[in-house]
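Report on the following structure.
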Amino acid sequence: MSRAHGKRARGKVLGLAGFAVLLAGSYLGGHLAFVRGVNVNRTAWQQGPQEWTPVLADAELPDGEHRKIEAAGVSVLLYRAAGQVWALANTCSHMGGPLDEGTISDGCVICPWHGSTFRFTDGAVVRGPASSPQPYYETRVSGEHIEIRAVA
């Protein structure tokens, strides 16, 4: 606008100031995302077992209890409530916290690091700061073992 009114020097200064703000914002955004990992989904590339995979003896998971297990190279949190077994990725999608060390309440697990709360039934974020849902797995009891597989 300044250039249009014949104030070329002022227009150039404002243009350069705008460009400097743009560069500073780009640097800050890159630093936060790539160096600090702010709001990066820590579970984005985790692949759980694609086929039904036995992970734990059924008798080893009493009602109201949880266990951390490994399946296809992925850490998984198992939880049994009212006879139903649920499975979520054990690594918090927000900052990578260990969900097995968190609190379980009302069908949800609360990350011990930042308080992100995830629902066991579908991995949905109930309360942030997480913005990405937790990967969850299908579960079944087959014979004497609990089995899981990635949701298709």
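The way I read the labels, and the way they are meant: chains A, B, ... in the order of the structure tokens, residue 1 as the first residue of every chain, and ligand 1 as the first ligand shown, with later ones counted on from there.
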Once you count only C-alpha atoms, what closest atom pair and distance in Å to one decimal does each residue of region 45-112 of chain A within 7 Å of region 137-152 of chain A have, with rows by chain and rising residue number, as CSV?
residue,atom,partner,partner_atom,distance
A:Gly48,CA,A:Ala150,CA,5.4
A:Pro49,CA,A:Arg149,CA,5.1
A:Gln50,CA,A:Ala150,CA,5.3
A:Glu51,CA,A:Arg149,CA,5.5
A:Trp52,CA,A:Arg149,CA,4.9
A:Thr53,CA,A:Glu147,CA,5.0
A:Pro54,CA,A:Glu147,CA,4.2
A:Val55,CA,A:Glu147,CA,5.7
A:Leu56,CA,A:Ile146,CA,5.4
A:Ala57,CA,A:His145,CA,4.3
A:Asp58,CA,A:His145,CA,4.8
A:Val85,CA,A:Thr139,CA,6.4
A:Trp86,CA,A:Thr139,CA,6.4
A:Ala87,CA,A:Tyr137,CA,5.3
A:Leu88,CA,A:Tyr137,CA,6.1
I want to know what sits within 9 Å of Pro62 (chain A), based on only C-alpha atoms, with residues of the same chain fewer than 2 positions away left out; could you give that as a PDB file with N, CA, C and O atoms, in the first residue's frame?
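Result written to part.pdb:
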ATOM      1  N   ASP A  58      -3.888 -66.673  28.296  1.00  0.00           N
ATOM      2  CA  ASP A  58      -5.120 -66.046  28.794  1.00  0.00           C
ATOM      3  C   ASP A  58      -5.121 -65.940  30.319  1.00  0.00           C
ATOM      4  O   ASP A  58      -5.561 -64.938  30.878  1.00  0.00           O
ATOM      5  N   ALA A  59      -4.586 -66.933  30.992  1.00  0.00           N
ATOM      6  CA  ALA A  59      -4.590 -66.952  32.462  1.00  0.00           C
ATOM      7  C   ALA A  59      -3.659 -65.885  33.059  1.00  0.00           C
ATOM      8  O   ALA A  59      -3.779 -65.550  34.241  1.00  0.00           O
ATOM      9  N   GLU A  60      -2.741 -65.331  32.264  1.00  0.00           N
ATOM     10  CA  GLU A  60      -1.784 -64.343  32.771  1.00  0.00           C
ATOM     11  C   GLU A  60      -2.334 -62.917  32.812  1.00  0.00           C
ATOM     12  O   GLU A  60      -1.628 -62.005  33.245  1.00  0.00           O
ATOM     13  N   GLY A  64      -9.256 -56.524  35.113  1.00  0.00           N
ATOM     14  CA  GLY A  64      -8.821 -55.289  35.761  1.00  0.00           C
ATOM     15  C   GLY A  64      -7.317 -55.076  35.720  1.00  0.00           C
ATOM     16  O   GLY A  64      -6.817 -54.103  36.274  1.00  0.00           O
ATOM     17  N   GLU A  65      -6.580 -55.947  35.069  1.00  0.00           N
ATOM     18  CA  GLU A  65      -5.119 -55.853  35.001  1.00  0.00           C
ATOM     19  C   GLU A  65      -4.664 -55.488  33.583  1.00  0.00           C
ATOM     20  O   GLU A  65      -5.422 -55.622  32.619  1.00  0.00           O
ATOM     21  N   HIS A  66      -3.424 -55.037  33.487  1.00  0.00           N
ATOM     22  CA  HIS A  66      -2.839 -54.749  32.174  1.00  0.00           C
ATOM     23  C   HIS A  66      -1.423 -55.302  32.121  1.00  0.00           C
ATOM     24  O   HIS A  66      -0.785 -55.514  33.147  1.00  0.00           O
ATOM     25  N   TYR A  79      -5.144 -54.846  28.086  1.00  0.00           N
ATOM     26  CA  TYR A  79      -5.940 -54.542  29.276  1.00  0.00           C
ATOM     27  C   TYR A  79      -7.216 -55.354  29.220  1.00  0.00           C
ATOM     28  O   TYR A  79      -7.867 -55.434  28.171  1.00  0.00           O
ATOM     29  N   ARG A  80      -7.565 -55.958  30.350  1.00  0.00           N
ATOM     30  CA  ARG A  80      -8.803 -56.739  30.418  1.00  0.00           C
ATOM     31  C   ARG A  80      -9.744 -56.084  31.412  1.00  0.00           C
ATOM     32  O   ARG A  80      -9.358 -55.769  32.536  1.00  0.00           O
ATOM     33  N   ALA A  81     -10.975 -55.870  30.973  1.00  0.00           N
ATOM     34  CA  ALA A  81     -12.018 -55.321  31.838  1.00  0.00           C
ATOM     35  C   ALA A  81     -13.342 -55.984  31.487  1.00  0.00           C
ATOM     36  O   ALA A  81     -13.691 -56.081  30.310  1.00  0.00           O
ATOM     37  N   GLY A  83     -14.180 -58.970  31.321  1.00  0.00           N
ATOM     38  CA  GLY A  83     -14.025 -60.112  30.433  1.00  0.00           C
ATOM     39  C   GLY A  83     -13.547 -59.782  29.034  1.00  0.00           C
ATOM     40  O   GLY A  83     -13.211 -60.668  28.274  1.00  0.00           O
TER      41      GLY A  83
END
Picked from region 15-111 of chain A by DSSP as strand (DSSP E or B), as a compact mmCIF listing (two decimals) with C-alpha atoms, in the first residue's frame:
# COMPACT_ATOMS: atom_id res chain seq x y z
CA THR A 53 -0.67 -63.61 16.71
CA PRO A 54 -0.63 -65.26 20.16
CA VAL A 55 0.91 -62.80 22.63
CA LEU A 56 0.06 -63.95 26.16
CA ALA A 57 -1.50 -66.88 27.98
CA HIS A 66 -2.84 -54.75 32.17
CA ARG A 67 0.40 -56.06 30.65
CA LYS A 68 3.00 -54.79 28.23
CA ILE A 69 3.85 -57.31 25.50
CA GLU A 70 5.81 -57.33 22.24
CA ALA A 71 4.21 -58.36 18.95
CA VAL A 74 5.84 -53.34 18.43
CA SER A 75 5.25 -52.71 22.13
CA VAL A 76 1.55 -53.27 22.92
CA LEU A 77 -0.51 -52.60 26.04
CA LEU A 78 -3.11 -55.28 26.84
CA TYR A 79 -5.94 -54.54 29.28
CA ARG A 80 -8.80 -56.74 30.42
CA ALA A 81 -12.02 -55.32 31.84
CA GLN A 84 -13.08 -58.08 27.32
CA VAL A 85 -9.43 -57.71 26.26
CA TRP A 86 -8.26 -54.46 24.65
CA ALA A 87 -4.94 -53.69 22.95
CA LEU A 88 -3.29 -50.34 22.17
CA ALA A 89 0.17 -49.38 21.00
CA THR A 91 4.08 -45.88 22.90
CA PRO A 98 5.16 -45.66 28.08
CA THR A 103 -3.21 -44.77 34.91
CA ILE A 104 -6.23 -46.70 33.66
CA SER A 105 -9.64 -45.18 34.36
CA CYS A 108 -9.09 -45.13 29.03
CA VAL A 109 -5.35 -45.02 29.65
CA ILE A 110 -3.64 -41.80 30.73
Checklist entry - Hey, can you check how far CA of Glu101 (chain A) sits from CA of Ala124 (chain A)? => result 18.8 Å
Item to check | Selection near Gln134 (chain A), 9 Å with only C-alpha atoms, sequence-local residues under 5 positions removed, as an MDAnalysis selection string | outcome: chainID A and resid 43 88:93 118:120 122:125
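With only C-alpha atoms as the atoms that count, the residue of A:Pro112, A:Gly107, A:Arg10, A:His94 with the shortest distance to Pro133 (chain A) is A:His94.
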Checklist entry - Gly11 (chain A): which residues within 9 Å, counting only C-alpha atoms, same-chain residues fewer than 5 positions away excluded, as number ranges by chain? => result A: 1-4, 6, 16
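Put simply, CA of Gly73 (chain A) is 23.7 Å away from CA of Ser116 (chain A).
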Checklist entry - Please, what distance in Å, to one decimal, runs between CA of Asp106 (chain A) and CA of Ser131 (chain A)? => result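 Between these atoms lies a distance of 20.1 Å.
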Checklist entry - Using only C-alpha atoms, which of the listed residues (A:Tyr136, A:Lys7, A:Ala130, A:Leu61) sits closest to Ala82 (chain A)? => result A:Leu61
